[in-house]
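A.B. asks: The structure is given below, and queries will be raised subsequently.
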Amino acid sequence: MARKKRQPLAVPELIVRKREGEKLGEQEIRDLVAGFMDGSVADYQMSALAMAVYFRGMDFDETVAMTLAMRDSGKVVSLDQIDAPKVDKHSTGGVGDKVSICLAPIVAACGVAVPMMSGRGLGHTGGTLDKLEAIPGFRVDLSVREFRGQLRKIGCALIGQTGDLAPADKRLYALRDVTGTVESIPLITSSILSKKLAEGIDALVLDVKVGRGAFMKTESDARELARCLVRVGTLVGKRVSALLTDMNTPIGYTIGNALETTEALEILHGRGPDDLRELTYELAAEMLRAAGLVKSKSQGLRHIEQQVANGTALEKMREIVDAQGGDPRVVDAPDQLAVARHRTTVTSEATGYVTDIDPLELGYASMGLGAGRSRAEDSVDAGAGIRLHVQRGDQVREGDALATLYTSERARLRVAADRVGASFRIGKRRPRLRSRLIETIRR
Ligand code: URA
């Protein structure tokens, strides 16, 4: 049957209408996205529209339409043949955020299928794919067939976004990135959800980070984004919930690819930092709830603790690493992952308590050591990064080591060390500590 021909779009008129605060219709939004993909809507027009949306917003109907139009701009993976509930997690990005690496095998060990698609690091936040690639041989570029097969066989696959899932989002994000239109709640919502819906999930748990090291600096902005994600996700028929979590200090003690992977693997051994464990378990429990496997958070937490204590989660990680071409021995000896050979230590200039560690500064310092990218095409140094020796609230004496820096290029050390030194505050009084979890937002 011949495809219905689309009417030529009056794109300037749609831009003006959005600029004046009018609501666009579902078909208009679909046509705009389709036109953007076939070239009949120019990049400058889409950028102007993004700016109009930035100032005027979009209501839930428009955001749903935008989400579905972008999802449908590419392939939508069907995971219908997999019986287990399929649940993914998405984090809005933080410093030292290696949660996905320990979370996915734990949740899969509990009986949920985890089709986890992650991104690469850009700017001050690292990317799960770069961290996983610190495991020798680990492949993140599985085809959709391999992805589906692995999910069916072992219940989890950790892969990169393939180019044919939600390609409209990729193109639009590239424009938003250079036109000052990233920080728009409806655009962020449709961007995140379109990609996740294309994965074929039943449910999604969002980790919406808030604080200096996060995309959303204030609790009210983060809450608004979380509510929008939950509402739009629910309107498109998925079970979506969000955890607002604190990102005012780095997560755990490590920043940088191999260092973070080691720390995440430690969690599967029942070791590792308390804050990383808490965050991982909270998100995992929410995923079990979303999957319908448990009725309450406490039931979920008990189930998770069991899978870690009896070694099932660790065994799941061995299976994942083996299936994706990595060396599974790393799972049993995480500290064998190679770190870069040049290093220096930053020490405390005072005696007292660590009252503050600025994650943003550490994120940029880690990037400066080679662990991150400033442009998408840059490569990363897997062994570069920062190991903290203290966390906020710890007592230190003058001269105590605060952090060790690693890099493959010695010349990078000095500037990064200054930055790391400047990210610590030492005070006389022990600061009050609080949980990373601020709030859970459900429908
Ligand atoms: N992350 C995304 O995937 N999209 C956005 O628009 C912002 C953050």
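Chain labels A, B, ... are given in the sequence in which chains occur in the structure tokens; within each chain residues are numbered consecutively from 1, and ligands are likewise numbered from 1 in the order shown.
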Which neighbours of region 244-253 of chain A fall inside 10 Å, counting only C-alpha atoms, when residues of the same chain fewer than 6 positions from it are skipped, and could you give them as a ChimeraX atom specification?
C.D. replies: /A:91,93-99,206-217,219,222-223,225-226,259-260,263-264,272-277,279,356-360,362-363,386-392,403,434-441
A.B. asks: Give the residue list for ligand 1 at 7 Å, counting only C-alpha atoms and all ligand atoms, as a list in words, sorted by chain and then by residue number.
C.D. replies: Thr92, Tyr173, Val182, Leu187, Ile188, Thr189, Ser191 and Ile192 of chain A
A.B. asks: Could you turn the residues from that selection into a file that holds C-alpha atoms, as a short mmCIF file (atom, residue, chain, number, x, y, z; two decimals), in the first residue's frame?
C.D. replies:
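Written output follows (again-v7.cif):
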data_model
loop_
_atom_site.label_atom_id
_atom_site.label_comp_id
_atom_site.auth_asym_id
_atom_site.auth_seq_id
_atom_site.Cartn_x
_atom_site.Cartn_y
_atom_site.Cartn_z
CA THR A 92 20.81 11.88 35.13
CA TYR A 173 20.49 16.67 21.60
CA VAL A 182 19.60 21.49 27.18
CA LEU A 187 13.00 18.32 26.29
CA ILE A 188 15.03 16.39 28.88
CA THR A 189 12.00 14.23 29.64
CA SER A 191 15.01 12.80 25.38
CA ILE A 192 15.47 10.33 28.24
#
A.B. asks: Just to confirm, what's the straight-line distance from CA of Val140 (chain A) to CA of Gln324 (chain A) in Å (one decimal)?
C.D. replies: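 We find that CA of Val140 (chain A) and CA of Gln324 (chain A) lie 7.2 Å from each other.
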A.B. asks: Excluding Gly326 (chain A) and residues on its chain fewer than 2 positions from it, collect all residues at most 8 Å away from it, counting only C-alpha atoms, and give them as an MDAnalysis selection string.
C.D. replies: chainID A and resid 135:139 321:324 328
A.B. asks: Please write the residues from the selection above to a file, keeping all heavy atoms, as a short mmCIF file (atom, residue, chain, number, x, y, z; two decimals), in the first residue's frame.
C.D. replies:
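Okay, this is what ended up in part-v3.cif:
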data_model
loop_
_atom_site.label_atom_id
_atom_site.label_comp_id
_atom_site.auth_asym_id
_atom_site.auth_seq_id
_atom_site.Cartn_x
_atom_site.Cartn_y
_atom_site.Cartn_z
N ILE A 135 37.36 -3.21 31.78
CA ILE A 135 37.53 -4.66 31.95
C ILE A 135 38.09 -5.19 30.62
O ILE A 135 37.45 -5.02 29.58
CB ILE A 135 36.18 -5.35 32.26
CG1 ILE A 135 35.59 -4.80 33.55
CG2 ILE A 135 36.33 -6.87 32.31
CD1 ILE A 135 34.20 -5.30 33.90
N PRO A 136 39.28 -5.80 30.64
CA PRO A 136 39.89 -6.23 29.37
C PRO A 136 38.94 -7.10 28.54
O PRO A 136 38.35 -8.05 29.06
CB PRO A 136 41.11 -7.04 29.82
CG PRO A 136 41.41 -6.53 31.20
CD PRO A 136 40.11 -6.13 31.81
N GLY A 137 38.76 -6.70 27.28
CA GLY A 137 37.95 -7.48 26.33
C GLY A 137 36.47 -7.17 26.35
O GLY A 137 35.73 -7.60 25.46
N PHE A 138 35.97 -6.45 27.35
CA PHE A 138 34.52 -6.25 27.50
C PHE A 138 33.96 -5.49 26.30
O PHE A 138 34.43 -4.40 25.96
CB PHE A 138 34.21 -5.50 28.79
CG PHE A 138 32.77 -5.61 29.21
CD1 PHE A 138 32.38 -6.59 30.12
CD2 PHE A 138 31.80 -4.76 28.69
CE1 PHE A 138 31.04 -6.71 30.50
CE2 PHE A 138 30.46 -4.88 29.07
CZ PHE A 138 30.09 -5.86 29.98
N ARG A 139 32.94 -6.07 25.67
CA ARG A 139 32.31 -5.44 24.49
C ARG A 139 30.97 -4.82 24.87
O ARG A 139 30.12 -5.50 25.44
CB ARG A 139 31.99 -6.51 23.45
CG ARG A 139 33.10 -6.90 22.54
CD ARG A 139 32.56 -7.95 21.58
NE ARG A 139 31.44 -7.46 20.80
CZ ARG A 139 30.39 -8.22 20.44
NH1 ARG A 139 30.30 -9.48 20.80
NH2 ARG A 139 29.42 -7.70 19.72
N VAL A 321 30.05 -10.66 32.23
CA VAL A 321 31.39 -10.30 31.72
C VAL A 321 31.83 -11.35 30.71
O VAL A 321 32.32 -11.02 29.61
CB VAL A 321 32.40 -10.16 32.89
CG1 VAL A 321 33.82 -9.99 32.37
CG2 VAL A 321 32.03 -8.97 33.77
N ASP A 322 31.62 -12.61 31.03
CA ASP A 322 32.01 -13.69 30.12
C ASP A 322 31.23 -13.59 28.80
O ASP A 322 31.81 -13.65 27.71
CB ASP A 322 31.72 -15.02 30.82
CG ASP A 322 32.36 -16.18 30.09
OD1 ASP A 322 33.47 -15.97 29.55
OD2 ASP A 322 31.76 -17.26 30.03
N ALA A 323 29.92 -13.38 28.90
CA ALA A 323 29.08 -13.31 27.69
C ALA A 323 29.49 -12.14 26.80
O ALA A 323 29.34 -12.19 25.59
CB ALA A 323 27.61 -13.19 28.09
N GLN A 324 30.00 -11.07 27.40
CA GLN A 324 30.34 -9.88 26.61
C GLN A 324 31.84 -9.80 26.29
O GLN A 324 32.34 -8.74 25.95
CB GLN A 324 29.81 -8.61 27.30
CG GLN A 324 28.28 -8.65 27.35
CD GLN A 324 27.60 -7.36 27.74
OE1 GLN A 324 26.62 -7.40 28.46
NE2 GLN A 324 28.07 -6.23 27.27
N PRO A 328 36.42 -12.75 32.96
CA PRO A 328 35.61 -12.87 34.19
C PRO A 328 36.45 -12.96 35.46
O PRO A 328 35.92 -12.76 36.55
CB PRO A 328 34.80 -14.15 33.97
CG PRO A 328 35.44 -14.86 32.85
CD PRO A 328 36.29 -13.92 32.08
#
A.B. asks: List every residue of region 360-433 of chain A that DSSP, applied to the backbone of this structure, assigns to helix (DSSP H, G or I), and report them as a ChimeraX atom specification.
C.D. replies: /A:360-368,410-422
A.B. asks: Which residue is closest to Ser143 (chain A)? Choose from A:Gln161, A:Ser73, A:Thr128, A:Thr345 and count only C-alpha atoms.
C.D. replies: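 Closest to Ser143 (chain A), using only C-alpha atoms: A:Gln161.
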A.B. asks: Excluding Val232 (chain A) and its own-chain neighbours fewer than 5 positions away, which residues fall within 8 Å of it when counting only C-alpha atoms? Please give them as a PyMOL selection string.
C.D. replies: chain A and resi 60+63-64+189
A.B. asks: Could those residues be written to a file, using N, CA, C and O atoms, as a compact mmCIF listing (two decimals), in the first residue's frame?
C.D. replies:
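Wrote selection_24.txt, looks like this:
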# COMPACT_ATOMS: atom_id res chain seq x y z
N PHE A 60 1.94 18.24 29.32
CA PHE A 60 2.16 16.78 29.31
C PHE A 60 1.78 16.15 27.98
O PHE A 60 2.45 15.24 27.50
N THR A 63 4.53 16.80 25.61
CA THR A 63 5.75 16.05 25.97
C THR A 63 5.59 14.57 25.62
O THR A 63 6.53 13.93 25.15
N VAL A 64 4.37 14.05 25.84
CA VAL A 64 4.11 12.65 25.44
C VAL A 64 4.29 12.52 23.92
O VAL A 64 4.96 11.60 23.43
N THR A 189 12.91 15.37 29.43
CA THR A 189 12.00 14.23 29.64
C THR A 189 11.83 13.42 28.36
O THR A 189 11.97 12.19 28.35
A.B. asks: At a cut-off of 12 Å, using only C-alpha atoms, what residues contact Val396 (chain A)? Leave out same-chain residues fewer than 3 positions from it and give the result as a PyMOL selection string.
C.D. replies: chain A and resi 347-355+389-393+399-402+424-430
A.B. asks: Kindly save the residues from that selection, with N, CA and C atoms included, as an mmCIF file, in the first residue's frame.
C.D. replies:
data_model
loop_
_atom_site.group_PDB
_atom_site.id
_atom_site.type_symbol
_atom_site.label_atom_id
_atom_site.label_comp_id
_atom_site.auth_asym_id
_atom_site.auth_seq_id
_atom_site.Cartn_x
_atom_site.Cartn_y
_atom_site.Cartn_z
ATOM 1 N N THR A 347 47.598 16.163 50.021
ATOM 2 C CA THR A 347 47.499 16.003 51.479
ATOM 3 C C THR A 347 46.753 17.182 52.110
ATOM 4 N N SER A 348 46.332 16.962 53.333
ATOM 5 C CA SER A 348 45.561 17.991 54.026
ATOM 6 C C SER A 348 46.489 19.084 54.574
ATOM 7 N N GLU A 349 46.022 20.320 54.425
ATOM 8 C CA GLU A 349 46.828 21.435 54.938
ATOM 9 C C GLU A 349 46.407 21.819 56.348
ATOM 10 N N ALA A 350 45.420 21.118 56.890
ATOM 11 C CA ALA A 350 44.926 21.485 58.221
ATOM 12 C C ALA A 350 44.476 20.238 58.965
ATOM 13 N N THR A 351 44.252 20.411 60.256
ATOM 14 C CA THR A 351 43.707 19.333 61.080
ATOM 15 C C THR A 351 42.247 19.672 61.377
ATOM 16 N N GLY A 352 41.387 18.680 61.295
ATOM 17 C CA GLY A 352 39.969 18.933 61.571
ATOM 18 C C GLY A 352 39.100 17.881 60.899
ATOM 19 N N TYR A 353 37.916 18.315 60.454
ATOM 20 C CA TYR A 353 36.987 17.398 59.776
ATOM 21 C C TYR A 353 36.851 17.800 58.313
ATOM 22 N N VAL A 354 36.677 16.815 57.473
ATOM 23 C CA VAL A 354 36.380 17.120 56.067
ATOM 24 C C VAL A 354 34.924 17.594 56.027
ATOM 25 N N THR A 355 34.736 18.878 55.788
ATOM 26 C CA THR A 355 33.369 19.410 55.813
ATOM 27 C C THR A 355 32.760 19.465 54.417
ATOM 28 N N HIS A 389 40.826 9.267 49.856
ATOM 29 C CA HIS A 389 41.142 8.486 51.060
ATOM 30 C C HIS A 389 40.203 8.835 52.207
ATOM 31 N N VAL A 390 39.407 9.864 51.984
ATOM 32 C CA VAL A 390 38.469 10.290 53.029
ATOM 33 C C VAL A 390 37.147 10.658 52.375
ATOM 34 N N GLN A 391 36.112 10.673 53.199
ATOM 35 C CA GLN A 391 34.816 11.188 52.744
ATOM 36 C C GLN A 391 34.410 12.331 53.653
ATOM 37 N N ARG A 392 33.367 13.034 53.252
ATOM 38 C CA ARG A 392 32.860 14.139 54.069
ATOM 39 C C ARG A 392 32.536 13.605 55.471
ATOM 40 N N GLY A 393 32.957 14.344 56.487
ATOM 41 C CA GLY A 393 32.678 13.935 57.867
ATOM 42 C C GLY A 393 33.868 13.266 58.532
ATOM 43 N N GLY A 399 48.732 17.033 56.814
ATOM 44 C CA GLY A 399 49.682 16.108 56.182
ATOM 45 C C GLY A 399 49.079 14.760 55.801
ATOM 46 N N ASP A 400 47.869 14.448 56.307
ATOM 47 C CA ASP A 400 47.229 13.178 55.922
ATOM 48 C C ASP A 400 46.875 13.193 54.434
ATOM 49 N N ALA A 401 46.928 12.011 53.836
ATOM 50 C CA ALA A 401 46.567 11.914 52.413
ATOM 51 C C ALA A 401 45.062 12.095 52.246
ATOM 52 N N LEU A 402 44.677 12.998 51.334
ATOM 53 C CA LEU A 402 43.253 13.193 51.025
ATOM 54 C C LEU A 402 42.874 12.415 49.773
ATOM 55 N N PHE A 424 38.593 20.324 48.553
ATOM 56 C CA PHE A 424 38.364 19.927 49.952
ATOM 57 C C PHE A 424 38.217 21.142 50.851
ATOM 58 N N ARG A 425 37.328 21.050 51.827
ATOM 59 C CA ARG A 425 37.245 22.042 52.909
ATOM 60 C C ARG A 425 37.453 21.277 54.212
ATOM 61 N N ILE A 426 38.332 21.800 55.037
ATOM 62 C CA ILE A 426 38.578 21.176 56.346
ATOM 63 C C ILE A 426 38.126 22.185 57.408
ATOM 64 N N GLY A 427 37.276 21.758 58.309
ATOM 65 C CA GLY A 427 36.775 22.674 59.340
ATOM 66 C C GLY A 427 36.923 22.076 60.719
ATOM 67 N N LYS A 428 36.563 22.861 61.708
ATOM 68 C CA LYS A 428 36.749 22.431 63.103
ATOM 69 C C LYS A 428 35.618 21.515 63.573
ATOM 70 N N ARG A 429 34.422 21.695 62.961
ATOM 71 C CA ARG A 429 33.272 20.919 63.467
ATOM 72 C C ARG A 429 32.863 19.832 62.489
ATOM 73 N N ARG A 430 32.499 18.674 63.066
ATOM 74 C CA ARG A 430 32.058 17.556 62.216
ATOM 75 C C ARG A 430 30.732 17.946 61.541
#
A.B. asks: As a compact mmCIF listing (two decimals) with N, CA, C and O atoms, in the first residue's frame, which residues of region 269-371 of chain A does DSSP assign to strand (DSSP E)?
C.D. replies:
# COMPACT_ATOMS: atom_id res chain seq x y z
N HIS A 342 51.54 7.04 36.44
CA HIS A 342 52.00 8.26 37.12
C HIS A 342 50.98 8.65 38.19
O HIS A 342 49.78 8.66 37.93
N ARG A 343 51.48 8.97 39.35
CA ARG A 343 50.54 9.30 40.42
C ARG A 343 51.12 10.33 41.37
O ARG A 343 52.34 10.51 41.45
N THR A 344 50.23 10.99 42.07
CA THR A 344 50.67 11.92 43.11
C THR A 344 49.60 11.95 44.19
O THR A 344 48.44 11.59 43.95
N THR A 345 50.02 12.36 45.38
CA THR A 345 49.06 12.38 46.50
C THR A 345 48.81 13.82 46.94
O THR A 345 49.74 14.62 47.01
N VAL A 346 47.57 14.13 47.21
CA VAL A 346 47.21 15.45 47.74
C VAL A 346 46.97 15.28 49.23
O VAL A 346 46.27 14.37 49.65
N THR A 347 47.60 16.16 50.02
CA THR A 347 47.50 16.00 51.48
C THR A 347 46.75 17.18 52.11
O THR A 347 46.61 18.24 51.51
N GLY A 352 41.39 18.68 61.29
CA GLY A 352 39.97 18.93 61.57
C GLY A 352 39.10 17.88 60.90
O GLY A 352 39.50 16.72 60.79
N TYR A 353 37.92 18.32 60.45
CA TYR A 353 36.99 17.40 59.78
C TYR A 353 36.85 17.80 58.31
O TYR A 353 36.89 19.00 58.00
N VAL A 354 36.68 16.82 57.47
CA VAL A 354 36.38 17.12 56.07
C VAL A 354 34.92 17.59 56.03
O VAL A 354 34.00 16.81 56.28
N THR A 355 34.74 18.88 55.79
CA THR A 355 33.37 19.41 55.81
C THR A 355 32.76 19.47 54.42
O THR A 355 31.55 19.58 54.26
N ASP A 356 33.61 19.39 53.39
CA ASP A 356 33.07 19.50 52.03
C ASP A 356 34.05 18.92 51.02
O ASP A 356 35.27 19.08 51.17
N ILE A 357 33.51 18.24 50.01
CA ILE A 357 34.33 17.80 48.86
C ILE A 357 33.51 18.15 47.63
O ILE A 357 32.41 17.61 47.43
A.B. asks: Excluding Met37 (chain A) and any residue of its chain fewer than 6 positions from it, enumerate the residues within 12 Å of it, using only C-alpha atoms, and give them as a list in words.
C.D. replies: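 So, after excluding close chain neighbours, the residues are Arg30, Asp31, Asp43, Met46, Ala69, Met70, Asp72, Ser73, Gly74, Ala166, Pro167, Ala168, Asp169, Lys170, Arg171 and Leu172 of chain A.
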A.B. asks: For a test of reading the model, state the distance in Å between CA of Met317 (chain A) and CA of Pro105 (chain A), rounded to one decimal.
C.D. replies: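 Those two atoms sit 5.4 Å apart.
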A.B. asks: Residues at most 10 Å from Ser184 (chain A), counting only C-alpha atoms, excluding those fewer than 3 positions away in the same chain, as a list in words?
C.D. replies: Ala50, Met51, Val53, Tyr54, Phe55, Arg56, Gly57, Met58, Arg176, Gly180, Thr181, Leu187, Ile188, Thr189 and Leu225 of chain A
A.B. asks: Closest to Thr262 (chain A) among A:Thr179, A:Gln299, A:Gln336, A:Gln81, using only C-alpha atoms?
C.D. replies: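 Smallest distance to Thr262 (chain A) is found for A:Gln336.
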